[in-house]
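**Student:** The structure's right below; bear with me while I get my questions together.
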Amino acid sequence: MPGGAGDDRGRRDTRSTRHTKRAKRRRRRRWIAFISLGVFLVLVIGVVGVLYAAMQIPLPDQIKTSQVSTITYNDGKTVMARVGAQNRTDVPLSKVPPHVRWSVLAAEDRGYYGEPGISVTGIARAAWADIRGGDVQGGSTITQQYVKNAYLTQERTLSRKFKEIVMAVKLDHQYSKDQILDWYLNTIYFGRGAYGIEAAAETYFGKPVSALSVAEGAVLASSIRAPALYDPDSHPAAAKARWHFVIDGMTKMGKLDAAQAAATRYPKVRAIGTGTLNQFSGPRGYIVNQVKDELAAAGFDEARLNRDGLRVVTTIDPKAEEAAQSAVRTVFHGQTKDLRQALVAVAPGTGKVLAYYGGSSGYGFDYAQAWRQPGSSFKPYVLATALAQHQRGEGNISDYTKYDGSSPQTFGGVVVHNSDGESCGVCTARTAMKMSLNTVFYRMGLQVGPDNVAATAHAAGVPVRRTDTSTPTLRDADGHTEAGISIGQYEVRPIDQAAGFATFADGGIAHKPYFVQKVIDASGHVLYQHAPTERRAFSPQVANDTTYSMEQVAAWSHRPLADGRQSASKTGTAQLGETGQNKDAWMVGFTPQVSAAVWVGTDSSKPIVDATTGNIVYGSGLPGRTWQAFMDAYLAGKPALRLAAHTAIGHPAPKPKPKPTTPPPTTTSPPTTTPPPTTTPPPTTTPPPSSGPPPIPPLPTLPTLPLR
C-alpha cells in the first residue's frame, strides 16, 4: 500500500545502493589520485636522477670568464661606464682566520655545518612565491649561494631554483663542508670589484685576509648580502647595522665572547679610490654608484652586473650632464678647494634624473646626497600649504595677502631677522617671496601649522626618513616640528629639492627621481623596465600660484635666464650660528622642461666665501651663477615654454569704489578696507582684516634662528 512499511524498506534499499555506489566512486578517485601522485613522484625522481647524474661540478678555476656590462646615457648607445672585470686572488681556507669564517657564516648561514646543503624553508618560500606569480625568494644556504653564483644564471625562477637544489645536493655529497666553504670564500662578490675574501681584504683594508681582525672580518661578511647597499662609504648607517647583526650572530653561535663583542668597535674602512677596479673617477662615479644602488633595490645585485654582460640604460642626458659639469668648472674656477658643490637636474612629469653632480672626484662622499639646511629655498612649501588651506576653505592666505615685512620681529620669544637688511612695512606674500622675507614666512608658517608645512614638503618629494640614518626628517629628535621649518631649519638633500620643485613644475604631481630606465641582457631581452609612478601632492591651482610667486626671483637675484626665458626659482642660505657668516647656500628653480637644484657649502660647516670677491656667499652668488649657467646651456635650442600667467586662488584686493548716489568726499580718510600705510605695521592686538592672515597663537621661548 502506498505509504506503508514496504515502501519505506524500498526507499532505504535504494538509498543504500546509491550510497554504496558513491563510496565506490570515491575509492576509485582516491586510487586514481594515489596512482597519479605515484607516477608524478616517479617522474620527478627520474628527472632528478637524470639531472643528478648528468650535472658536472666544475672547480672554481674552471668558471667561465664573465661578460662586461655597460652603463649608457639615456640614448641607450653612448657608454658612460663599463663594469665586469674580476679582481680575484684565491687563498686556501687554512689562511682564512676562524673568526673571519664564522663572521661569514653568521651573516649568511648560521647552520651551515649541520645542514644538508639546501634550505627546505627557503625552497618552500620559493615554490610558494612562484605559484603566486611573484619572484623566487632568498633564504639559500652557503652551498646554494655558491652554486648559483658560480654555475647558474641569476634569473629568479622556480626552474633555476630546481637546478640549484639538485647541484647543491650533489656538491654536498661529493665534497666536504670545508672544501665548499673554501670555494665559496674565493668566488663570492664583496663589492668594489672584489671577488673572493683575499681581494676584499686588500680592497677594503689594504691587508691580506690572514691579518684581518674580528671587526674587519665582520665588515666583509656584512657586504655579501647586497654589496652596493651595504658599502661603508656610500651607506654607512646600513653597513653598521648589518655589521652589528653579524657580531651579534657570532655571539649567539658561541664563536665570540659577549664581553669581546661589546668591546668591538666598527673599524676604519678605506674610502673608495680611483685605483680600485670597477670604480670611476670624476662626476660619473657618483652616477654609477646611484645606478648600482637602484639596480640592487630592483633585484640586480652587483655581482650580476659585473658578470652577465647587461646593458643598463640610464636617464642621464649627455647634454645636461655636460652642462652641469661645465657650469661647476667655470663658476668655481679660482675658488678655494674647501668649497663643495652639488647639482641635480630632474625632468618634471617623469622624475628622470637628467644631470647629476655630486663632486669632482667620483669617489668618497656624494654631495648630491648631503643633508643640509635649505634656508629660504624651503619657503615655497610654506606658501603651497597656505594656498591649499585657502582652497579647502580652511584659511584665506593667497599670493596677495598683506604682511608686515619689517625686521627684526619677535614671535613668542623667537627673534627672526630678514636677510641682508631686506624689509618692507606692508607687502604681499608674493613680494615677500621675491624679497625672501623671513619674518613674513615665519609668521605664515605659524598660521598654517609647521606640521602641515612638513606634510606638504613630504608630499612634494622630501623623504619621510633620511637615507643615511633612517631617522624621520623635518622634525626634531622628540618628533616635534618647530616653526623654523618655514625658513629652512631642517635638512634636505639637493636631489630632494630638485624633485620637490619639479612637483610645482608638473602642476602638483610628484614623481620619485630615478636613474635606471631599463636593463637589457646580452640577447637583447628587456629584463627590467622602470614602472612610472606618480602621486598628487597638491592641486594644479596651488602649484600655479606658488610658481607665480617664484617667477620674479631669478631677475630679482640678477640670475634671469637667457633670451627672456621664464623660470620660477628660490634662493636660500643657512647662517653659521651668530657669526654673520653663511655655511650653506642654494639656488633651486625650474622651467617646464627641467628642475635643478644647486648647493654650495663645506665639509665641516665653515664660512663660505667667494675667493674672487671676498664676499659672503649667498644663494644668488656662486649657486645662482651655477644654476643660471646650467639652465642656459641645457635649454639652449629648446622652446621657451610659459609658466603661470596669473593666480587661481584669491585675487588682488579691488580698489574701493564710491557708491553711485553718495560719492565720497576727497578730503576724508580712506575707508577701512584700504590697507594700512607701509610705515605703520598693523598692531598685533587688533584682529586682521578679512583679506589678511589670522592671528598668531602664543609660542614658547626659543633661540634666534640662524637661517636666511
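How things are named: the first chain in the C-alpha cells is A, the next is B, and so on; residues count from 1 in each chain; ligands count from 1 in the order shown.
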Gly507 in chain A: which residues within 7 Å, counting only C-alpha atoms, same-chain residues fewer than 5 positions away excluded, as a list in words?
**Tutor:** Pro540, Ala543 and Asn544 of chain A
**Student:** Check the DSSP output for the backbone and give back, as a PyMOL selection string, the residues of range 358-598 of chain A in strand (DSSP E or B).
**Tutor:** chain A and resi 372+402-405+409-411+414-416+424-428+465+472+492+509-510+514+516-520+526-529+535-536+568-575+582-590+595-598
**Student:** So that I can see what lies close to Tyr634 in chain A, please list as a short mmCIF file (atom, residue, chain, number, x, y, z; two decimals) with N, CA and C atoms, in the first residue's frame the residues with an atom at most 12 Å from it, counting only C-alpha atoms and leaving out residues fewer than 6 positions away in the same chain.
**Tutor:**
```
data_model
loop_
_atom_site.label_atom_id
_atom_site.label_comp_id
_atom_site.auth_asym_id
_atom_site.auth_seq_id
_atom_site.Cartn_x
_atom_site.Cartn_y
_atom_site.Cartn_z
N ASP A 317 70.97 62.59 -19.35
CA ASP A 317 71.06 63.22 -20.66
C ASP A 317 72.49 63.74 -20.84
N PRO A 318 73.20 63.28 -21.87
CA PRO A 318 74.60 63.71 -22.02
C PRO A 318 74.75 65.23 -22.13
N LYS A 319 73.80 65.90 -22.79
CA LYS A 319 73.87 67.36 -22.90
C LYS A 319 73.70 68.00 -21.53
N ALA A 320 72.75 67.50 -20.76
CA ALA A 320 72.52 68.06 -19.42
C ALA A 320 73.71 67.80 -18.51
N GLU A 321 74.28 66.60 -18.58
CA GLU A 321 75.42 66.27 -17.72
C GLU A 321 76.62 67.14 -18.06
N GLU A 322 76.88 67.33 -19.34
CA GLU A 322 77.98 68.19 -19.75
C GLU A 322 77.74 69.64 -19.31
N ALA A 323 76.48 70.08 -19.41
CA ALA A 323 76.14 71.44 -18.97
C ALA A 323 76.37 71.60 -17.48
N ALA A 324 76.04 70.57 -16.70
CA ALA A 324 76.24 70.64 -15.25
C ALA A 324 77.72 70.71 -14.90
N GLN A 325 78.52 69.82 -15.49
CA GLN A 325 79.95 69.81 -15.18
C GLN A 325 80.63 71.09 -15.65
N SER A 326 80.24 71.56 -16.82
CA SER A 326 80.82 72.80 -17.35
C SER A 326 80.48 74.00 -16.47
N ALA A 327 79.23 74.06 -15.98
CA ALA A 327 78.81 75.17 -15.13
C ALA A 327 79.64 75.20 -13.84
N ALA A 345 69.57 67.77 -11.64
CA ALA A 345 68.50 68.22 -12.53
C ALA A 345 67.54 67.07 -12.78
N LEU A 354 68.23 63.96 -15.03
CA LEU A 354 68.87 64.33 -16.29
C LEU A 354 70.35 64.63 -16.13
N ALA A 355 70.72 65.23 -14.99
CA ALA A 355 72.11 65.57 -14.72
C ALA A 355 72.36 65.38 -13.23
N LEU A 561 67.21 83.95 -16.92
CA LEU A 561 67.67 83.06 -17.97
C LEU A 561 67.78 83.81 -19.29
N ALA A 562 68.55 83.25 -20.20
CA ALA A 562 68.85 83.91 -21.47
C ALA A 562 67.59 84.09 -22.31
N PHE A 590 63.12 76.13 -11.81
CA PHE A 590 62.66 75.26 -12.88
C PHE A 590 62.04 76.05 -14.03
N THR A 591 61.97 75.38 -15.16
CA THR A 591 61.11 75.73 -16.28
C THR A 591 60.24 74.50 -16.50
N GLN A 593 60.56 72.31 -18.60
CA GLN A 593 61.36 71.18 -19.09
C GLN A 593 62.31 70.59 -18.05
N VAL A 594 62.73 71.37 -17.06
CA VAL A 594 63.75 70.88 -16.14
C VAL A 594 63.68 71.62 -14.81
N SER A 595 63.94 70.87 -13.73
CA SER A 595 64.06 71.44 -12.39
C SER A 595 65.46 71.14 -11.88
N ALA A 596 66.17 72.16 -11.42
CA ALA A 596 67.56 71.98 -10.99
C ALA A 596 67.80 72.61 -9.63
N TRP A 627 73.57 77.72 -11.30
CA TRP A 627 72.23 77.36 -11.77
C TRP A 627 71.93 78.04 -13.10
N GLN A 628 72.22 79.32 -13.19
CA GLN A 628 71.96 80.09 -14.41
C GLN A 628 72.75 79.53 -15.59
#
```
**Student:** Would you mind reading off the distance between CA of Lys77 in chain A and CA of Thr314 in chain A, one decimal, in Å?
**Tutor:**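 Distance reported for this atom pair: 10.4 Å.
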**Student:** Just the residues within 8 Å of Tyr514 in chain A, please, counting only C-alpha atoms, with nothing from its chain fewer than 4 positions along; format it as a list of chain:residue names.
**Tutor:** A:Glu294, A:Thr315, A:Gly351, A:Lys352, A:Val353
**Student:** Store the residues picked out above in a file with N, CA, C and O atoms, as an mmCIF file, in the first residue's frame.
**Tutor:**
```
data_model
loop_
_atom_site.group_PDB
_atom_site.id
_atom_site.type_symbol
_atom_site.label_atom_id
_atom_site.label_comp_id
_atom_site.auth_asym_id
_atom_site.auth_seq_id
_atom_site.Cartn_x
_atom_site.Cartn_y
_atom_site.Cartn_z
ATOM 1 N N GLU A 294 70.260 51.542 -7.262
ATOM 2 C CA GLU A 294 68.904 51.367 -7.780
ATOM 3 C C GLU A 294 68.715 49.959 -8.345
ATOM 4 O O GLU A 294 67.658 49.343 -8.166
ATOM 5 N N THR A 315 68.874 57.405 -17.157
ATOM 6 C CA THR A 315 68.083 58.591 -17.505
ATOM 7 C C THR A 315 68.957 59.802 -17.808
ATOM 8 O O THR A 315 68.447 60.847 -18.209
ATOM 9 N N GLY A 351 60.318 62.343 -13.373
ATOM 10 C CA GLY A 351 61.247 62.030 -12.288
ATOM 11 C C GLY A 351 62.607 61.587 -12.787
ATOM 12 O O GLY A 351 63.481 61.244 -11.983
ATOM 13 N N LYS A 352 62.814 61.577 -14.104
ATOM 14 C CA LYS A 352 64.116 61.186 -14.640
ATOM 15 C C LYS A 352 65.201 62.157 -14.173
ATOM 16 O O LYS A 352 65.037 63.374 -14.273
ATOM 17 N N VAL A 353 66.299 61.612 -13.660
ATOM 18 C CA VAL A 353 67.439 62.446 -13.300
ATOM 19 C C VAL A 353 68.223 62.709 -14.578
ATOM 20 O O VAL A 353 68.809 61.806 -15.168
#
```
**Student:** Let me make sure I understand: among A:Ala298, A:Ile197, A:Ala81, A:Ala384, which one has the smallest atom-to-atom distance to Ala457 in chain A if we use only C-alpha atoms?
**Tutor:**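 Closest to Ala457 in chain A, using only C-alpha atoms: A:Ala384.
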**Student:** Counting only C-alpha atoms, which residue out of A:Thr647, A:Ser569, A:Gln335, A:Ser361 sits closest to Thr613 in chain A?
**Tutor:**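 Of A:Thr647, A:Ser569, A:Gln335, A:Ser361, the one nearest Thr613 in chain A is A:Gln335, counting only C-alpha atoms.
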**Student:** What is the distance between CA of Asn306 in chain A and CA of Thr89 in chain A, in Å to one decimal?
**Tutor:**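 Taking CA of Asn306 in chain A as the start and CA of Thr89 in chain A as the end point, the length is 16.5 Å.
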**Student:** Show me a table, sorted first by chain and then by increasing residue number, of the residues of range 168-202 of chain A having an atom at most 9 Å from range 225-228 of chain A, each with its shortest atom pair and the distance in Å to one decimal, counting only C-alpha atoms and written as CSV.
**Tutor:**
```
residue,atom,partner,partner_atom,distance
A:Tyr189,CA,A:Pro227,CA,7.7
A:Phe190,CA,A:Pro227,CA,5.8
A:Gly191,CA,A:Pro227,CA,4.7
A:Arg192,CA,A:Pro227,CA,7.9
```
**Student:** One number please: CA of Val313 in chain A to CA of Thr72 in chain A, in Å, one decimal.
**Tutor:** 5.1 Å
**Student:** Give the alpha helix (DSSP H) residues of range 159-198 of chain A, as assigned by DSSP on the backbone, as a PyMOL selection string.
**Tutor:** chain A and resi 159-174+177-187+197-198
**Student:** What lies within 8 Å of Gly375 in chain A using only C-alpha atoms, ignoring chain neighbours under 5 positions off, as a list in words?
**Tutor:** Ile487, Gly488, Gln489, Gly572, Thr573, Ala574, Ala585, Trp586, Leu707 and Arg708 of chain A
